[in-house]
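**Q** Here it is: the structure, laid out below.
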Amino acid sequence: MSQYSQRLSDTTLRMPVALLQVGMFVCRLDRPWLGTPFLMQGFLIENRDMLHQVQSLCSQVCVDTRKSLVKFKARPGKTQAPPTLPASFDRDMAQMGLRSVLPTYTRTLKHVKEAMRGLSKGHPLNPDTLGKHVDECITALIDNIPAITWLSRVKSHDDYTYEHALHVSLLCMVFGIHCGWPRDEVRTVGLAGLLFDLGKLRIPKSLLTKPGPLTETEWQLFNEHPKWTRYLLEKSGFGHDVIAACYYHHERPDGQGYPVHKLAGQVPLSARLIHILDAFDAMISYRPYAQQRTVYDAIRVLYKGRATEFDSALVDQFIELMGVYPIGTLVELSSGEVAVVIGQNHDARLLPKIAVVRDRNKQPVSERVVNLKHLTGNDGLPQFRVKTMLHDGSYGIFMQDYTRQLVLGNQAAR
């Protein structure tokens, strides 16, 4: 390790960019991730072009020695030529990240269920306990944003209410960290993301799950849930910033939202963000009263609603964060095969790294990990491209099952 590098923990070094090498894993920048060409917070420097990009943008970065492919016994500048990365590297990274963050995710989801069920029985929430779970999530996020983002897209049919709250919270925190927000602001929006829909506990379940359109009377009753949320949070002793983020999360830039028809500039930034992420996660989830959308289609809805229904700048930033083909999404290739996106090529974002799990006839196959960028014909052009994004569950492939198998080390997604 160079004398110019500073050890922050057993696995993290802070160093000037001049000492970076291909094969090092960068886990933090000295500037917000927004505005950089890197899709996710945390990436391996795979080639000299990526190395030069980092060096042109930053002065210092943090390197995760555990995830790096180079040795740190000598000065980083003296290392050997970078190794060739196998196609399965991103899959292994996803597996390691998921194994790292899954305990935090599971604990937090369990507590959210217990807290909401207790609230429905008249027990107040504990701000300190919920805050500790949010703090744990932030710590897990800092080094594992791709894994947390992946988990936010793993859906089940049974726990929509609780999963939706946790997933909106996680996406809020991912967004805040991606944009370089201070930790206390990330904590506030993460806590509000867990709590913004509490008032729906006071709405009849038959109304919440009604498959057809609501009557005018039913809409008036439904639109009361932000007021109930504010009441429950005030009763439990939450701070003003959290309460305001929850209370105003259905307001719109054009003033056509509810409960008080505020214009964009009058609504807290955290509430505007929750409004976007609430809609996004709901659209890609299973709901009895609405058709499930793909990530691509959900993002199109957000983009179409810029400046009227959703904050334009926040939508643009969220689209940049998500990328073209987010990891943990299901896609169909031009060959007809079906695959899970497991990694990105920052210099070729339309050609992700994938794990093929269905053949062109949509029949199960032994998982095959490939990098579409490297599959070229004699003319140098890509042999295969992503044809379309698919719904979770398409052709019998559920991300919940695939993720479980990946974490357990199962080599075949069935």
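Residue numbering restarts at 1 for every chain of the structure tokens, chains are lettered A, B, ... in their displayed order, and ligands are numbered from 1 as they appear.
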Show me, as JSON lines, the residues of stretch 221-300 of chain A having an atom within 12 Å of stretch 319-343 of chain A, each with the closest atom pair and its distance in Å, using only C-alpha atoms.
**A**
```
{"residue": "A:Ile276", "atom": "CA", "partner": "A:Ile319", "partner_atom": "CA", "distance": 11.0}
{"residue": "A:Leu277", "atom": "CA", "partner": "A:Ile319", "partner_atom": "CA", "distance": 11.2}
{"residue": "A:Phe280", "atom": "CA", "partner": "A:Ile319", "partner_atom": "CA", "distance": 10.9}
{"residue": "A:Ile284", "atom": "CA", "partner": "A:Thr329", "partner_atom": "CA", "distance": 10.8}
{"residue": "A:Thr294", "atom": "CA", "partner": "A:Thr329", "partner_atom": "CA", "distance": 8.8}
{"residue": "A:Val295", "atom": "CA", "partner": "A:Thr329", "partner_atom": "CA", "distance": 7.8}
{"residue": "A:Tyr296", "atom": "CA", "partner": "A:Val324", "partner_atom": "CA", "distance": 7.8}
{"residue": "A:Asp297", "atom": "CA", "partner": "A:Val324", "partner_atom": "CA", "distance": 11.5}
{"residue": "A:Ala298", "atom": "CA", "partner": "A:Ile319", "partner_atom": "CA", "distance": 10.5}
{"residue": "A:Ile299", "atom": "CA", "partner": "A:Ile319", "partner_atom": "CA", "distance": 7.0}
{"residue": "A:Arg300", "atom": "CA", "partner": "A:Ile319", "partner_atom": "CA", "distance": 9.5}
```
**Q** Give the helix (DSSP H, G or I) residues of stretch 143-301 of chain A, as DSSP finds them on the backbone, and put them as a PyMOL selection string.
**A** chain A and resi 143+145-151+160-178+183-195+198-202+205-208+216-222+225-236+240-247+264-266+269-283+295-301
**Q** Run DSSP on the backbone and give me the residues of stretch 124-345 of chain A it puts in strand (DSSP E or B), as a PyMOL selection string.
**A** chain A and resi 287+290+306+310+330-333+338-343
**Q** Atom CA of A:Ala94 and atom CA of A:Tyr402 are how many Å apart?
**A**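 Between these atoms lies a distance of 12.0 Å.
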**Q** Residues within 9 Å of A:Ile203, please, as a ChimeraX atom specification. Count only C-alpha atoms; anything in the same chain fewer than 3 positions from it doesn't count.
**A** /A:199-200,206-208,221-222,224-225
**Q** Just C-alpha atoms for this one: save the residues we selected as a tab-separated table (two decimals), in the first residue's frame.
**A**
```tsv
chain	number	residue	atom	x	y	z
A	199	GLY	CA	-52.95	6.11	6.67
A	200	LYS	CA	-54.19	3.34	4.37
A	206	SER	CA	-62.11	-3.83	0.07
A	207	LEU	CA	-61.60	-0.29	-1.21
A	208	LEU	CA	-57.80	-0.61	-1.48
A	221	LEU	CA	-62.46	8.44	1.33
A	222	PHE	CA	-59.26	7.16	-0.29
A	224	GLU	CA	-58.05	11.04	3.22
A	225	HIS	CA	-55.17	8.60	3.82
```
**Q** I'd like to know which of A:Gln21, A:Thr209, A:Asn371, A:Thr388 is closest to A:Ser88, using only C-alpha atoms.
**A**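 Among A:Gln21, A:Thr209, A:Asn371, A:Thr388, it is A:Asn371 that comes nearest to A:Ser88.
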**Q** Considering only C-alpha atoms, can you say which of A:Val70, A:Val242, A:Leu130, A:Leu375 comes closest to A:Leu109?
**A**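 Closest candidate: A:Leu130.
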**Q** Any idea what the distance is between atom CA of A:Asp241 and atom CA of A:Asp184?
**A**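 Pair atom CA of A:Asp241 / atom CA of A:Asp184 returns 11.0 Å.
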**Q** Leaving out A:Met24 and any residue of its chain fewer than 6 positions from it, which residues lie within 6 Å of it when counting only C-alpha atoms, given as an mmCIF file with C-alpha atoms, in the first residue's frame?
**A**
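Full text of around24.cif as output:
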```cif
data_model
loop_
_atom_site.group_PDB
_atom_site.id
_atom_site.type_symbol
_atom_site.label_atom_id
_atom_site.label_comp_id
_atom_site.auth_asym_id
_atom_site.auth_seq_id
_atom_site.Cartn_x
_atom_site.Cartn_y
_atom_site.Cartn_z
ATOM 1 C CA LEU A 44 -14.695 -2.553 -11.070
ATOM 2 C CA ILE A 45 -12.190 -0.710 -13.252
ATOM 3 C CA SER A 68 -10.574 -5.814 -6.142
#
```
**Q** Would you please work out which residue, of A:Val370, A:Val267, A:Leu194, A:Glu185, is nearest to A:Asp90 when using only C-alpha atoms?
**A**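 Comparing A:Val370, A:Val267, A:Leu194, A:Glu185 against A:Asp90, the winner is A:Val370.
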**Q** So which residues touch stretch 212-214 of chain A within 7 Å, counting only C-alpha atoms, skipping near sequence neighbours fewer than 3 positions away, as an MDAnalysis selection string?
**A** chainID A and resid 218:219 289
**Q** Only C-alpha atoms, please: the residues just picked out, written as a compact mmCIF listing (two decimals), in the first residue's frame.
**A**
```txt
# COMPACT_ATOMS: atom_id res chain seq x y z
CA GLU A 218 -64.79 6.19 -2.61
CA TRP A 219 -62.16 8.56 -4.02
CA TYR A 289 -56.61 -3.55 -9.64
```
**Q** Between A:Leu201, A:Val407, A:Leu57, A:Leu51, which is the closest to A:His346 once you count only C-alpha atoms?
**A**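 Checking each candidate against A:His346, we get A:Leu51 as the closest.
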**Q** List the neighbours of stretch 141-149 of chain A out to 10 Å using only C-alpha atoms; skip same-chain residues closer than 4 positions along the sequence, and give me the result as a PyMOL selection string.
**A** chain A and resi 12+26-28+39-43+64+93-102+104-105+135-137+153-154+167+170-171+173-175+177-178+322+326-328+342-343
**Q** Just the selected residues (C-alpha atoms), exported as a PDB file, in the first residue's frame, please.
**A**
```
ATOM      1  CA  THR A  12     -11.436   0.182   2.277  1.00  0.00           C
ATOM      2  CA  VAL A  26     -14.043   1.726  -6.644  1.00  0.00           C
ATOM      3  CA  CYS A  27     -16.713   1.965  -3.929  1.00  0.00           C
ATOM      4  CA  ARG A  28     -16.881   5.753  -3.375  1.00  0.00           C
ATOM      5  CA  LEU A  39     -24.378   3.607 -13.613  1.00  0.00           C
ATOM      6  CA  MET A  40     -24.141   2.281 -10.067  1.00  0.00           C
ATOM      7  CA  GLN A  41     -22.255   3.269  -6.938  1.00  0.00           C
ATOM      8  CA  GLY A  42     -19.489   0.687  -6.848  1.00  0.00           C
ATOM      9  CA  PHE A  43     -17.758  -0.644  -9.954  1.00  0.00           C
ATOM     10  CA  ASP A  64     -12.657  -1.923  -1.735  1.00  0.00           C
ATOM     11  CA  MET A  93     -20.297 -10.069  -7.602  1.00  0.00           C
ATOM     12  CA  ALA A  94     -24.110 -10.045  -7.553  1.00  0.00           C
ATOM     13  CA  GLN A  95     -24.129 -13.219  -5.471  1.00  0.00           C
ATOM     14  CA  MET A  96     -21.634 -11.785  -2.981  1.00  0.00           C
ATOM     15  CA  GLY A  97     -23.502  -8.480  -2.720  1.00  0.00           C
ATOM     16  CA  LEU A  98     -26.878 -10.157  -2.217  1.00  0.00           C
ATOM     17  CA  ARG A  99     -25.491 -12.432   0.481  1.00  0.00           C
ATOM     18  CA  SER A 100     -24.071  -9.368   2.227  1.00  0.00           C
ATOM     19  CA  VAL A 101     -27.224  -7.232   2.264  1.00  0.00           C
ATOM     20  CA  LEU A 102     -29.931  -9.897   2.519  1.00  0.00           C
ATOM     21  CA  THR A 104     -30.352  -6.411   6.704  1.00  0.00           C
ATOM     22  CA  TYR A 105     -33.172  -6.492   4.147  1.00  0.00           C
ATOM     23  CA  ASP A 135     -29.428   3.388   9.628  1.00  0.00           C
ATOM     24  CA  GLU A 136     -28.578  -0.288   9.072  1.00  0.00           C
ATOM     25  CA  CYS A 137     -29.952  -0.068   5.541  1.00  0.00           C
ATOM     26  CA  ARG A 153     -37.336  -5.443  -7.638  1.00  0.00           C
ATOM     27  CA  VAL A 154     -37.893  -8.874  -6.073  1.00  0.00           C
ATOM     28  CA  HIS A 167     -38.804  -0.921  -1.507  1.00  0.00           C
ATOM     29  CA  LEU A 170     -34.659   1.623  -0.206  1.00  0.00           C
ATOM     30  CA  LEU A 171     -35.038   3.379  -3.553  1.00  0.00           C
ATOM     31  CA  MET A 173     -32.000   6.012   0.054  1.00  0.00           C
ATOM     32  CA  VAL A 174     -30.310   4.733  -3.117  1.00  0.00           C
ATOM     33  CA  PHE A 175     -31.368   7.940  -4.878  1.00  0.00           C
ATOM     34  CA  ILE A 177     -26.711   8.377  -1.862  1.00  0.00           C
ATOM     35  CA  HIS A 178     -26.406   8.423  -5.664  1.00  0.00           C
ATOM     36  CA  MET A 322     -31.786   3.171 -13.169  1.00  0.00           C
ATOM     37  CA  PRO A 326     -31.154  -2.352 -14.588  1.00  0.00           C
ATOM     38  CA  ILE A 327     -29.584  -5.401 -12.993  1.00  0.00           C
ATOM     39  CA  GLY A 328     -32.106  -7.879 -11.667  1.00  0.00           C
ATOM     40  CA  ILE A 342     -26.558  -9.286 -13.983  1.00  0.00           C
ATOM     41  CA  GLY A 343     -24.152  -6.491 -14.930  1.00  0.00           C
TER      42      GLY A 343
END
```
**Q** Fewer than 6 positions away in the same chain doesn't count, so skip those; otherwise give me all residues within 12 Å of A:His164, counting only C-alpha atoms, as a PyMOL selection string.
**A** chain A and resi 109+112-113+151-158+170-171+193-198+274+277-287
**Q** Would you put the residues from that selection into a file with C-alpha atoms, as a short mmCIF file (atom, residue, chain, number, x, y, z; two decimals), in the first residue's frame?
**A**
```cif
data_model
loop_
_atom_site.label_atom_id
_atom_site.label_comp_id
_atom_site.auth_asym_id
_atom_site.auth_seq_id
_atom_site.Cartn_x
_atom_site.Cartn_y
_atom_site.Cartn_z
CA LEU A 109 -38.90 -6.20 6.32
CA VAL A 112 -41.89 -3.23 9.14
CA LYS A 113 -44.50 -6.02 9.19
CA LEU A 151 -33.73 -6.68 -4.01
CA SER A 152 -36.09 -3.74 -4.46
CA ARG A 153 -37.34 -5.44 -7.64
CA VAL A 154 -37.89 -8.87 -6.07
CA LYS A 155 -41.66 -9.12 -5.65
CA SER A 156 -44.05 -11.54 -3.99
CA HIS A 157 -47.82 -11.82 -4.26
CA ASP A 158 -48.38 -12.03 -0.50
CA LEU A 170 -34.66 1.62 -0.21
CA LEU A 171 -35.04 3.38 -3.55
CA GLY A 193 -40.34 6.01 2.58
CA LEU A 194 -41.29 3.37 5.13
CA LEU A 195 -44.17 5.37 6.57
CA PHE A 196 -45.82 7.43 3.81
CA ASP A 197 -48.81 5.10 3.33
CA LEU A 198 -49.62 4.34 6.99
CA ILE A 274 -41.53 9.61 -2.69
CA LEU A 277 -40.82 6.13 -6.35
CA ASP A 278 -44.23 5.19 -4.93
CA ALA A 279 -45.64 5.25 -8.46
CA PHE A 280 -42.66 3.40 -9.96
CA ASP A 281 -42.64 0.53 -7.46
CA ALA A 282 -46.42 0.19 -7.61
CA MET A 283 -46.37 -0.08 -11.41
CA ILE A 284 -43.83 -2.93 -11.45
CA SER A 285 -45.60 -4.83 -8.64
CA TYR A 286 -48.49 -7.30 -8.58
CA ARG A 287 -51.76 -5.47 -7.81
#
```
